>>> print(open('final12.pdb').read())   # PDB, C-alpha atoms
ATOM      1  CA  MET S 233     -29.348  27.817  10.094
ATOM      2  CA  GLY S 234     -31.300  27.509   6.862
ATOM      3  CA  VAL S 235     -30.071  28.340   3.381
ATOM      4  CA  GLU S 236     -32.197  31.500   3.343
ATOM      5  CA  HIS S 237     -30.267  32.805   6.352
ATOM      6  CA  ALA S 238     -26.934  31.916   4.800
ATOM      7  CA  ILE S 239     -27.794  33.876   1.644
ATOM      8  CA  LEU S 240     -28.587  36.965   3.684
ATOM      9  CA  HIS S 241     -25.418  36.591   5.724
ATOM     10  CA  LEU S 242     -23.451  36.418   2.479
ATOM     11  CA  LEU S 243     -25.088  39.640   1.266
ATOM     12  CA  TYR S 244     -24.395  41.425   4.564
ATOM     13  CA  SER S 245     -20.760  40.333   4.662
ATOM     14  CA  ARG S 246     -20.164  41.403   1.059
ATOM     15  CA  TYR S 247     -21.809  44.768   1.691
ATOM     16  CA  TYR S 248     -19.705  45.555   4.756
ATOM     17  CA  THR S 249     -16.519  44.391   3.041
ATOM     18  CA  ARG S 250     -17.211  46.673   0.061
ATOM     19  CA  VAL S 251     -17.818  49.591   2.409
ATOM     20  CA  LEU S 252     -14.553  48.916   4.276
ATOM     21  CA  HIS S 253     -12.754  48.700   0.929
ATOM     22  CA  ASP S 254     -14.196  52.027  -0.247
ATOM     23  CA  PHE S 255     -13.016  53.636   2.994
ATOM     24  CA  GLY S 256      -9.553  52.266   2.350
ATOM     25  CA  LEU S 257      -9.550  50.096   5.470
ATOM     26  CA  VAL S 258      -9.031  46.814   3.619
ATOM     27  CA  ARG S 259      -7.378  45.988   0.290
ATOM     28  CA  PHE S 260      -9.817  43.283  -0.827
ATOM     29  CA  LYS S 261     -13.381  43.572  -2.124
ATOM     30  CA  GLU S 262     -14.710  40.096  -1.358
ATOM     31  CA  PRO S 263     -14.948  38.694   2.208
ATOM     32  CA  PHE S 264     -14.265  35.042   1.348
ATOM     33  CA  THR S 265     -11.995  33.068  -0.922
ATOM     34  CA  ARG S 266     -14.169  30.006  -0.349
ATOM     35  CA  LEU S 267     -17.668  29.653   1.104
ATOM     36  CA  LEU S 268     -19.410  26.515   2.334
ATOM     37  CA  THR S 269     -23.149  26.832   2.948
ATOM     38  CA  GLN S 270     -24.465  24.139   5.264
ATOM     39  CA  GLY S 271     -27.628  22.178   4.651
ATOM     40  CA  MET S 272     -30.451  21.980   7.177
ATOM     41  CA  VAL S 273     -31.351  19.301   9.713
ATOM     42  CA  CYS S 274     -34.754  17.839   8.824
ATOM     43  CA  LYS S 275     -37.249  15.571  10.551
ATOM     44  CA  GLU S 276     -40.775  14.342   9.954
ATOM     45  CA  THR S 277     -43.631  16.219  11.595
ATOM     46  CA  VAL S 278     -46.169  14.538  13.867
ATOM     47  CA  SER S 279     -49.573  16.101  14.578
ATOM     48  CA  CYS S 280     -52.605  15.263  16.691
ATOM     49  CA  PRO S 281     -56.151  16.237  15.562
ATOM     50  CA  GLU S 282     -56.775  17.748  19.014
ATOM     51  CA  HIS S 283     -53.391  19.114  20.128
ATOM     52  CA  GLY S 284     -51.784  20.058  16.801
ATOM     53  CA  PHE S 285     -48.075  19.519  16.219
ATOM     54  CA  LEU S 286     -46.381  17.275  18.767
ATOM     55  CA  PHE S 287     -42.822  16.967  20.033
ATOM     56  CA  PRO S 288     -41.307  13.526  19.298
ATOM     57  CA  GLU S 289     -41.679  12.456  22.938
ATOM     58  CA  GLU S 290     -45.398  13.356  22.881
ATOM     59  CA  ALA S 291     -46.184  10.511  20.461
ATOM     60  CA  GLU S 292     -45.866   6.901  21.632
ATOM     61  CA  GLY S 293     -45.639   3.779  19.527
ATOM     62  CA  THR S 294     -43.873   3.117  16.242
ATOM     63  CA  GLY S 295     -44.517   3.803  12.567
ATOM     64  CA  ASP S 296     -48.036   4.746  11.545
ATOM     65  CA  SER S 297     -49.555   3.307  14.760
ATOM     66  CA  ARG S 298     -48.323   6.122  16.984
ATOM     67  CA  LYS S 299     -50.724   7.814  19.363
ATOM     68  CA  CYS S 300     -50.779  11.102  21.204
ATOM     69  CA  VAL S 301     -49.726  10.678  24.846
ATOM     70  CA  LYS S 302     -52.083  13.485  25.876
ATOM     71  CA  CYS S 303     -55.362  12.158  24.487
ATOM     72  CA  GLY S 304     -54.593   8.733  23.052
ATOM     73  CA  LYS S 305     -55.805   9.624  19.564
ATOM     74  CA  PRO S 306     -53.907   8.399  16.467
ATOM     75  CA  VAL S 307     -51.439  10.936  15.142
ATOM     76  CA  THR S 308     -50.687  11.937  11.568
ATOM     77  CA  VAL S 309     -47.093  11.586  10.400
ATOM     78  CA  GLY S 310     -46.316  14.413   8.009
ATOM     79  CA  ARG S 311     -43.566  15.007   5.526
ATOM     80  CA  VAL S 312     -39.912  15.529   6.378
ATOM     81  CA  GLU S 313     -39.251  19.249   6.887
ATOM     82  CA  LYS S 314     -36.509  21.382   8.360
ATOM     83  CA  MET S 315     -36.557  21.334  12.144
ATOM     84  CA  SER S 316     -38.481  24.220  13.640
ATOM     85  CA  LYS S 317     -39.941  25.025  17.047
ATOM     86  CA  SER S 318     -43.281  25.978  15.478
ATOM     87  CA  LYS S 319     -43.755  22.481  14.027
ATOM     88  CA  ARG S 320     -42.131  20.823  17.034
ATOM     89  CA  ASN S 321     -40.116  18.375  14.913
ATOM     90  CA  VAL S 322     -37.043  19.068  17.004
ATOM     91  CA  ILE S 323     -34.718  16.933  19.118
ATOM     92  CA  ASP S 324     -33.564  17.990  22.573
ATOM     93  CA  PRO S 325     -29.753  17.764  22.404
ATOM     94  CA  ASN S 326     -29.553  17.220  26.155
ATOM     95  CA  VAL S 327     -31.414  13.920  25.772
ATOM     96  CA  LEU S 328     -28.892  12.767  23.179
ATOM     97  CA  LEU S 329     -25.955  13.911  25.278
ATOM     98  CA  GLU S 330     -27.209  12.007  28.302
ATOM     99  CA  LYS S 331     -27.941   8.805  26.361
ATOM    100  CA  TYR S 332     -25.091   8.698  23.820
ATOM    101  CA  GLY S 333     -22.624  11.473  24.650
ATOM    102  CA  ALA S 334     -21.399  14.399  22.595
ATOM    103  CA  ASP S 335     -19.090  12.347  20.378
ATOM    104  CA  THR S 336     -21.819  10.030  19.093
ATOM    105  CA  THR S 337     -24.135  12.950  18.374
ATOM    106  CA  ARG S 338     -21.395  14.800  16.490
ATOM    107  CA  LEU S 339     -20.373  11.687  14.560
ATOM    108  CA  PHE S 340     -23.911  11.107  13.329
ATOM    109  CA  CYS S 341     -24.353  14.716  12.205
ATOM    110  CA  LEU S 342     -21.140  14.520  10.184
ATOM    111  CA  PHE S 343     -21.746  11.015   8.852
ATOM    112  CA  ALA S 344     -25.394  11.273   7.807
ATOM    113  CA  SER S 345     -24.913  13.729   4.950
ATOM    114  CA  PRO S 346     -22.387  15.923   3.118
ATOM    115  CA  PRO S 347     -22.241  19.352   4.809
ATOM    116  CA  GLU S 348     -23.850  21.190   1.890
ATOM    117  CA  LYS S 349     -26.862  18.827   1.809
ATOM    118  CA  ASP S 350     -29.861  18.580   4.127
ATOM    119  CA  LEU S 351     -29.573  16.003   6.906
ATOM    120  CA  GLU S 352     -32.583  13.820   7.720
ATOM    121  CA  TRP S 353     -32.606  12.970  11.401
ATOM    122  CA  SER S 354     -32.667   9.263  12.224
ATOM    123  CA  GLU S 355     -32.658   7.568  15.609
ATOM    124  CA  GLN S 356     -31.390   4.408  13.909
ATOM    125  CA  GLY S 357     -28.501   6.405  12.459
ATOM    126  CA  VAL S 358     -27.505   7.707  15.888
ATOM    127  CA  GLU S 359     -27.688   4.187  17.287
ATOM    128  CA  GLY S 360     -25.518   2.910  14.430
ATOM    129  CA  CYS S 361     -22.823   5.496  15.159
ATOM    130  CA  TYR S 362     -22.936   4.554  18.829
ATOM    131  CA  ARG S 363     -22.364   0.887  17.934
ATOM    132  CA  PHE S 364     -19.439   1.802  15.693
ATOM    133  CA  ILE S 365     -17.735   3.810  18.439
ATOM    134  CA  ASN S 366     -18.175   0.912  20.851
ATOM    135  CA  ARG S 367     -16.736  -1.451  18.252
ATOM    136  CA  VAL S 368     -13.555   0.613  18.076
ATOM    137  CA  TRP S 369     -13.448   0.777  21.882
ATOM    138  CA  ARG S 370     -13.724  -3.005  22.275
ATOM    139  CA  PHE S 371     -10.900  -3.656  19.852
ATOM    140  CA  ALA S 372      -8.671  -1.074  21.532
ATOM    141  CA  LEU S 373      -9.475  -2.619  24.910
ATOM    142  CA  ASP S 374      -8.446  -6.087  23.671
ATOM    143  CA  TRP S 375      -5.129  -4.933  22.205
ATOM    144  CA  THR S 376      -3.990  -2.009  24.366
ATOM    145  CA  GLU S 377      -1.761  -3.994  26.712
ATOM    146  CA  ARG S 378      -0.111  -5.854  23.832
ATOM    147  CA  ILE S 379       0.795  -2.740  21.840
ATOM    148  CA  LYS S 380       1.270  -0.096  24.528
ATOM    149  CA  ASN S 381       5.064  -0.357  24.811
ATOM    150  CA  ILE S 382       6.056  -1.135  21.223
ATOM    151  CA  ASP S 383       6.641   0.993  18.135
ATOM    152  CA  ALA S 384       4.132   0.964  15.304
ATOM    153  CA  PHE S 385       5.321  -0.572  12.053
ATOM    154  CA  THR S 386       6.112   2.128   9.478
ATOM    155  CA  GLY S 387       8.297   0.250   7.005
ATOM    156  CA  SER S 388       7.720  -0.894   3.442
ATOM    157  CA  PRO S 389       4.740  -3.167   2.743
ATOM    158  CA  ASP S 390       7.186  -5.466   0.959
ATOM    159  CA  GLU S 391       8.458  -6.477   4.398
ATOM    160  CA  LEU S 392       5.037  -7.966   5.197
ATOM    161  CA  GLU S 393       3.098 -10.923   3.869
ATOM    162  CA  GLY S 394      -0.485 -12.068   3.565
ATOM    163  CA  ASP S 395      -3.206 -10.494   5.664
ATOM    164  CA  LEU S 396      -0.822  -8.226   7.582
ATOM    165  CA  ARG S 397       0.385  -6.729   4.306
ATOM    166  CA  GLU S 398      -3.186  -6.115   3.184
ATOM    167  CA  LEU S 399      -4.167  -4.525   6.504
ATOM    168  CA  TYR S 400      -1.098  -2.285   6.488
ATOM    169  CA  LYS S 401      -1.824  -1.126   2.940
ATOM    170  CA  LYS S 402      -5.488  -0.574   3.795
ATOM    171  CA  ALA S 403      -4.460   1.734   6.655
ATOM    172  CA  HIS S 404      -2.313   3.835   4.303
ATOM    173  CA  GLN S 405      -5.056   3.958   1.680
ATOM    174  CA  THR S 406      -7.481   5.120   4.357
ATOM    175  CA  VAL S 407      -5.143   7.910   5.474
ATOM    176  CA  LYS S 408      -4.968   9.201   1.902
ATOM    177  CA  LYS S 409      -8.729   8.942   1.381
ATOM    178  CA  VAL S 410      -9.657  10.710   4.627
ATOM    179  CA  THR S 411      -7.058  13.436   4.109
ATOM    180  CA  ALA S 412      -8.401  14.237   0.636
ATOM    181  CA  ASP S 413     -12.054  14.102   1.730
ATOM    182  CA  ILE S 414     -11.505  16.581   4.561
ATOM    183  CA  GLU S 415      -8.964  18.942   2.990
ATOM    184  CA  ASP S 416     -10.379  19.144  -0.526
ATOM    185  CA  ARG S 417     -14.139  18.739  -0.088
ATOM    186  CA  PHE S 418     -15.054  18.944   3.606
ATOM    187  CA  HIS S 419     -16.870  15.632   3.080
ATOM    188  CA  PHE S 420     -16.671  14.227   6.579
ATOM    189  CA  ASN S 421     -19.321  11.616   5.750
ATOM    190  CA  THR S 422     -17.134   9.789   3.233
ATOM    191  CA  ALA S 423     -14.097  10.252   5.492
ATOM    192  CA  ILE S 424     -15.914   8.527   8.352
ATOM    193  CA  SER S 425     -17.093   5.801   5.981
ATOM    194  CA  ALA S 426     -13.471   5.149   4.973
ATOM    195  CA  VAL S 427     -12.436   4.731   8.629
ATOM    196  CA  MET S 428     -15.366   2.353   9.124
ATOM    197  CA  GLU S 429     -14.020   0.268   6.243
ATOM    198  CA  LEU S 430     -10.600   0.207   7.914
ATOM    199  CA  VAL S 431     -12.147  -0.958  11.189
ATOM    200  CA  ASN S 432     -14.011  -3.675   9.273
ATOM    201  CA  ALA S 433     -10.698  -4.739   7.721
ATOM    202  CA  ILE S 434      -9.110  -4.912  11.186
ATOM    203  CA  TYR S 435     -11.916  -7.111  12.471
ATOM    204  CA  GLY S 436     -11.865  -9.161   9.253
ATOM    205  CA  THR S 437      -8.209 -10.100   9.704
ATOM    206  CA  ASP S 438      -7.543 -13.192  11.817
ATOM    207  CA  LEU S 439      -5.160 -11.325  14.114
ATOM    208  CA  GLN S 440      -5.454 -13.842  16.916
ATOM    209  CA  LYS S 441      -4.161 -16.651  14.689
ATOM    210  CA  ILE S 442      -1.288 -14.484  13.429
ATOM    211  CA  SER S 443      -0.344 -13.296  16.919
ATOM    212  CA  ASP S 444      -0.381 -16.880  18.257
ATOM    213  CA  ASN S 445       2.347 -17.776  15.755
ATOM    214  CA  ALA S 446       5.733 -17.172  17.373
ATOM    215  CA  GLU S 447       7.280 -16.077  14.058
ATOM    216  CA  THR S 448       4.652 -13.417  13.268
ATOM    217  CA  SER S 449       3.511 -12.347  16.740
ATOM    218  CA  ALA S 450       5.858  -9.357  17.103
ATOM    219  CA  ILE S 451       5.274  -7.896  13.644
ATOM    220  CA  CYS S 452       1.521  -8.466  14.008
ATOM    221  CA  ALA S 453       1.390  -6.287  17.118
ATOM    222  CA  ARG S 454       3.326  -3.518  15.377
ATOM    223  CA  VAL S 455       1.008  -3.541  12.336
ATOM    224  CA  VAL S 456      -2.054  -3.549  14.586
ATOM    225  CA  LYS S 457      -0.677  -0.550  16.458
ATOM    226  CA  PHE S 458      -0.182   1.358  13.211
ATOM    227  CA  ALA S 459      -3.688   0.526  11.978
ATOM    228  CA  LEU S 460      -5.345   1.409  15.281
ATOM    229  CA  GLU S 461      -3.346   4.606  15.734
ATOM    230  CA  SER S 462      -4.248   5.654  12.198
ATOM    231  CA  ALA S 463      -7.953   5.035  12.795
ATOM    232  CA  VAL S 464      -7.928   6.962  16.085
ATOM    233  CA  LEU S 465      -6.006   9.921  14.630
ATOM    234  CA  LEU S 466      -8.327  10.104  11.624
ATOM    235  CA  LEU S 467     -11.407  10.034  13.855
ATOM    236  CA  SER S 468     -10.065  12.579  16.349
ATOM    237  CA  PRO S 469     -11.492  15.685  14.596
ATOM    238  CA  MET S 470     -14.967  14.098  14.709
ATOM    239  CA  ILE S 471     -14.968  12.370  18.108
ATOM    240  CA  PRO S 472     -12.164  14.057  20.081
ATOM    241  CA  HIS S 473     -13.100  12.966  23.619
ATOM    242  CA  PHE S 474     -13.328   9.298  22.698
ATOM    243  CA  CYS S 475     -10.073   9.363  20.735
ATOM    244  CA  GLU S 476      -8.260  11.181  23.544
ATOM    245  CA  GLU S 477      -9.168   8.377  25.952
ATOM    246  CA  ILE S 478      -7.941   5.623  23.624
ATOM    247  CA  TRP S 479      -4.799   7.584  22.734
ATOM    248  CA  HIS S 480      -3.917   7.909  26.412
ATOM    249  CA  ASP S 481      -4.651   4.217  27.082
ATOM    250  CA  MET S 482      -2.309   3.252  24.227
ATOM    251  CA  GLY S 483       0.558   4.747  26.189
ATOM    252  CA  HIS S 484       0.867   8.212  24.679
ATOM    253  CA  GLN S 485       1.680  10.987  27.136
ATOM    254  CA  ARG S 486       0.923  13.924  24.837
ATOM    255  CA  SER S 487      -2.638  14.916  23.954
ATOM    256  CA  ILE S 488      -3.905  13.671  20.605
ATOM    257  CA  ILE S 489      -4.712  17.241  19.531
ATOM    258  CA  LEU S 490      -0.970  17.967  19.566
ATOM    259  CA  GLU S 491      -0.120  14.992  17.353
ATOM    260  CA  PRO S 492       0.643  15.547  13.653
ATOM    261  CA  TRP S 493      -1.819  14.334  11.051
ATOM    262  CA  PRO S 494      -0.900  10.811   9.854
ATOM    263  CA  GLU S 495       0.994  10.461   6.591
ATOM    264  CA  TYR S 496       0.763   7.700   3.994
ATOM    265  CA  ARG S 497       3.405   5.861   1.987
ATOM    266  CA  GLU S 498       3.084   6.012  -1.789
ATOM    267  CA  ASP S 499       4.381   2.447  -2.141
ATOM    268  CA  ALA S 500       1.566   1.232   0.117
ATOM    269  CA  LEU S 501      -1.186   2.670  -2.092
ATOM    270  CA  ALA S 502      -0.742   0.313  -5.034
ATOM    271  CA  LYS S 503      -3.234  -2.541  -5.061
ATOM    272  CA  ASP S 504      -1.957  -6.105  -5.346
ATOM    273  CA  GLU S 505      -5.236  -7.270  -6.883
ATOM    274  CA  LEU S 506      -7.994  -5.681  -8.946
ATOM    275  CA  VAL S 507     -11.713  -6.457  -9.035
ATOM    276  CA  ILE S 508     -12.883  -6.565 -12.654
ATOM    277  CA  VAL S 509     -16.581  -6.072 -13.402
ATOM    278  CA  VAL S 510     -18.042  -8.018 -16.334
ATOM    279  CA  GLN S 511     -21.032  -6.705 -18.286
ATOM    280  CA  VAL S 512     -23.026  -8.308 -21.072
ATOM    281  CA  ASN S 513     -24.720  -5.669 -23.230
ATOM    282  CA  GLY S 514     -24.131  -3.119 -20.495
ATOM    283  CA  LYS S 515     -25.671  -5.153 -17.669
ATOM    284  CA  LEU S 516     -23.657  -6.439 -14.717
ATOM    285  CA  ARG S 517     -23.171 -10.196 -15.080
ATOM    286  CA  GLY S 518     -20.139 -11.033 -12.970
ATOM    287  CA  LYS S 519     -16.949 -10.040 -11.177
ATOM    288  CA  PHE S 520     -13.534 -11.601 -10.750
ATOM    289  CA  THR S 521     -10.189 -10.752  -9.178
ATOM    290  CA  VAL S 522      -6.874 -10.584 -11.014
ATOM    291  CA  PRO S 523      -3.310  -9.543 -10.082
ATOM    292  CA  ALA S 524      -2.766  -5.805 -10.559
ATOM    293  CA  ASP S 525      -0.199  -6.324 -13.329
ATOM    294  CA  THR S 526      -2.524  -8.428 -15.523
ATOM    295  CA  ASP S 527      -2.735  -7.070 -19.088
ATOM    296  CA  ASP S 528      -5.968  -6.271 -20.925
ATOM    297  CA  GLU S 529      -5.812  -9.327 -23.205
ATOM    298  CA  ALA S 530      -5.617 -11.706 -20.245
ATOM    299  CA  ILE S 531      -8.508  -9.886 -18.551
ATOM    300  CA  LYS S 532     -10.547 -10.200 -21.756
ATOM    301  CA  GLU S 533      -9.884 -13.955 -21.996
ATOM    302  CA  ARG S 534     -10.757 -14.447 -18.331
ATOM    303  CA  ALA S 535     -14.073 -12.620 -18.786
ATOM    304  CA  LEU S 536     -15.043 -14.640 -21.871
ATOM    305  CA  SER S 537     -14.197 -17.942 -20.175
ATOM    306  CA  ASP S 538     -16.169 -17.210 -16.997
ATOM    307  CA  ASP S 539     -18.869 -19.917 -16.639
ATOM    308  CA  TYR S 540     -21.416 -17.542 -15.123
ATOM    309  CA  VAL S 541     -20.912 -14.977 -17.893
ATOM    310  CA  GLN S 542     -21.226 -17.708 -20.528
ATOM    311  CA  LYS S 543     -24.777 -18.385 -19.336
ATOM    312  CA  PHE S 544     -25.792 -14.863 -20.371
ATOM    313  CA  ILE S 545     -23.947 -15.067 -23.696
ATOM    314  CA  GLY S 546     -25.950 -18.213 -24.360
ATOM    315  CA  GLY S 547     -23.919 -19.392 -27.329
ATOM    316  CA  LYS S 548     -24.575 -16.191 -29.319
ATOM    317  CA  ALA S 549     -21.864 -14.607 -31.439
ATOM    318  CA  VAL S 550     -19.820 -11.984 -29.624
ATOM    319  CA  LYS S 551     -19.773  -8.787 -31.714
ATOM    320  CA  LYS S 552     -17.374  -6.776 -29.613
ATOM    321  CA  VAL S 553     -15.468  -6.910 -26.316
ATOM    322  CA  ILE S 554     -14.713  -3.548 -24.699
ATOM    323  CA  VAL S 555     -12.057  -3.530 -21.977
ATOM    324  CA  VAL S 556     -11.931  -0.460 -19.758
ATOM    325  CA  LYS S 557      -8.393  -0.621 -18.404
ATOM    326  CA  LYS S 558      -8.154  -2.263 -14.989
ATOM    327  CA  LYS S 559     -11.879  -1.732 -14.333
ATOM    328  CA  LEU S 560     -14.428  -3.615 -16.415
ATOM    329  CA  VAL S 561     -15.142  -5.735 -19.470
ATOM    330  CA  ASN S 562     -18.293  -5.167 -21.534
ATOM    331  CA  ILE S 563     -19.255  -8.005 -23.874
ATOM    332  CA  VAL S 564     -21.577  -7.007 -26.731
ATOM    333  CA  ILE S 565     -23.642  -9.782 -28.328
TER     334      ILE S 565
END
>>> encode(input="final12.pdb", output="structure tokens")
Amino acid sequence: MGVEHAILHLLYSRYYTRVLHDFGLVRFKEPFTRLLTQGMVCKETVSCPEHGFLFPEEAEGTGDSRKCVKCGKPVTVGRVEKMSKSKRNVIDPNVLLEKYGADTTRLFCLFASPPEKDLEWSEQGVEGCYRFINRVWRFALDWTERIKNIDAFTGSPDELEGDLRELYKKAHQTVKKVTADIEDRFHFNTAISAVMELVNAIYGTDLQKISDNAETSAICARVVKFALESAVLLLSPMIPHFCEEIWHDMGHQRSIILEPWPEYREDALAKDELVIVVQVNGKLRGKFTVPADTDDEAIKERALSDDYVQKFIGGKAVKKVIVVKKKLVNIVI
């Protein structure tokens, strides 16, 4: 549905609601307390000098070297416009369902753009979402038997150390981020991106080394279960069939749609370290990491003593040093 249709639907709904109010059938004058108007799905047009606009499957080849499958003549790739049957820049959903499944198709549509913005269709984007789903599946497959019959860790992050502590805190931070993105803004794209970051953190942690250690093996499995369960629960509104399969394989008897939304611990949201950005005359010149409780004076000294930053100062007199608390240092020369 295009924006022009949504505007008309808004006018119709307001008109009927006003009429119902005047007749005394309802007590309110406006039909909505909140309205979200979706953007449109767009795709480039492809046309042949002999056959006019072509469906995507009627042009073979890649890029600007595509040719019409009917006559073999080079085609013209037009601008990106909203999908329409008249211009034939449409995608058959059945083809996508057969190749990738409904979950991948849905995930791409939600991930590619905020709901109020137009979405530009991309085969590479669909393929990327398919790879992400398979990445989650492979990890779940590797760990299912080890975590199926144990309880997920839900204690204080202070009970954990090192990489397990960081992974546990990342899971809680992701729960908060996704919850806010969906409830407050309906921004599924940033919610999905946050879960992708969590999955990257899971893969980036040397879990095999930790689990091979007899002292940390048990707690490792419990933290992994919490992180994986969190990721699956957060993805379940977007890819329900996929998440239902993993949820069942992890040993849960009840359907995932009956599970409560995950909650986060406030004490797990605080960062142990901060990344400080260093600018010289407003231009990015470096970054460094400091403990979260480092004061501004220590951050300032660290920025001024950084060897890489010193190259851009070049021995010139420093006129001013601006410290934006816990975020950046701007050195003015």
>>> resolve_selection(input="final12.pdb", expression="the PyMOL selection byres ((chain S and resi 460) around 12)", output="ChimeraX atom specification")
/S:368-376,379-380,384-385,399-400,402-404,406-407,427-428,430-435,453-459,461-467,475,478-479,482,494
>>> closest_residue(input="final12.pdb", among="S:Lys299, S:Arg497, S:Arg311, S:Arg246", to="S:Pro263", atoms="all atoms listed in the file")
S:Arg246
>>> residues_around(input="final12.pdb", residues="stretch 418-426 of chain S", least_positions_apart="3", cutoff="8 Å", atoms="only C-alpha atoms", output="MDAnalysis selection string")
chainID S and resid 342:347 406 409:411 413:415 429:430 467
>>> resolve_selection(input="final12.pdb", expression="the PyMOL selection byres ((chain S and resi 277) around 8)", output="JSON, numbers by chain")
{"S": [275, 276, 278, 279, 285, 286, 309, 310, 311, 312, 313, 319, 320, 321]}
>>> atom_distance(input="final12.pdb", atom1="atom CA of S:Asp390", atom2="atom CA of S:Ile508")
24.3 Å
>>> atom_distance(input="final12.pdb", atom1="atom CA of S:Gln405", atom2="atom CA of S:Leu501")
5.6 Å
>>> residues_around(input="final12.pdb", residues="S:Ala535", least_positions_apart="6", cutoff="12 Å", atoms="only C-alpha atoms", output="list of chain:residue names")
S:Val507, S:Ile508, S:Val509, S:Val510, S:Gln511, S:Val512, S:Arg517, S:Gly518, S:Lys519, S:Phe520, S:Thr521, S:Val522, S:Asp528, S:Glu529, S:Val541, S:Gln542, S:Ile545, S:Val553, S:Ile554, S:Val555, S:Lys559, S:Leu560, S:Val561, S:Asn562, S:Ile563
>>> resolve_selection(input="final12.pdb", expression="the PyMOL selection byres ((chain S and resi 336) around 12)", output="count of residues only")
35
>>> closest_residue(input="final12.pdb", among="S:Asp296, S:Gly284, S:Lys302, S:Glu491", to="S:Ser318", atoms="all atoms listed in the file")
S:Gly284
>>> atom_distance(input="final12.pdb", atom1="atom CA of S:Leu516", atom2="atom CA of S:Tyr540")
11.3 Å
>>> axis_aligned_box(input="final12.pdb", around="stretch 548-563 of chain S", padding_each_side="4 Å", output="lines of an AutoDock Vina configuration file")
center_x = -16.4
center_y = -8.3
center_z = -23.0
size_x = 24.4
size_y = 23.7
size_z = 25.4
>>> closest_residue(input="final12.pdb", among="S:Gly293, S:Gly394, S:Gly436, S:Pro523", to="S:Ala502", atoms="all atoms listed in the file")
S:Pro523
>>> decode(input="final12.pdb", residues="stretch 425-429 of chain S", atoms="all heavy atoms", output="short mmCIF file (atom, residue, chain, number, x, y, z; two decimals), in the first residue's frame")
data_model
loop_
_atom_site.label_atom_id
_atom_site.label_comp_id
_atom_site.auth_asym_id
_atom_site.auth_seq_id
_atom_site.Cartn_x
_atom_site.Cartn_y
_atom_site.Cartn_z
N SER S 425 19.09 -5.78 14.18
CA SER S 425 20.52 -5.48 14.17
C SER S 425 21.15 -5.74 15.53
O SER S 425 22.27 -6.25 15.63
CB SER S 425 20.73 -4.02 13.76
OG SER S 425 22.10 -3.69 13.77
N ALA S 426 20.42 -5.42 16.60
CA ALA S 426 20.92 -5.65 17.96
C ALA S 426 21.09 -7.15 18.23
O ALA S 426 22.07 -7.56 18.85
CB ALA S 426 19.97 -5.03 18.98
N VAL S 427 20.14 -7.96 17.76
CA VAL S 427 20.26 -9.42 17.95
C VAL S 427 21.43 -9.95 17.13
O VAL S 427 22.15 -10.86 17.56
CB VAL S 427 18.95 -10.13 17.56
CG1 VAL S 427 19.09 -11.64 17.78
CG2 VAL S 427 17.79 -9.60 18.39
N MET S 428 21.64 -9.40 15.95
CA MET S 428 22.80 -9.80 15.14
C MET S 428 24.10 -9.52 15.88
O MET S 428 25.05 -10.32 15.83
CB MET S 428 22.78 -9.06 13.79
CG MET S 428 21.70 -9.52 12.84
SD MET S 428 21.75 -8.59 11.28
CE MET S 428 20.55 -9.51 10.31
N GLU S 429 24.16 -8.38 16.57
CA GLU S 429 25.35 -8.06 17.36
C GLU S 429 25.54 -9.07 18.49
O GLU S 429 26.67 -9.45 18.80
CB GLU S 429 25.22 -6.65 17.93
CG GLU S 429 25.35 -5.54 16.89
CD GLU S 429 25.27 -4.16 17.52
OE1 GLU S 429 25.35 -4.08 18.77
OE2 GLU S 429 25.11 -3.17 16.78
#
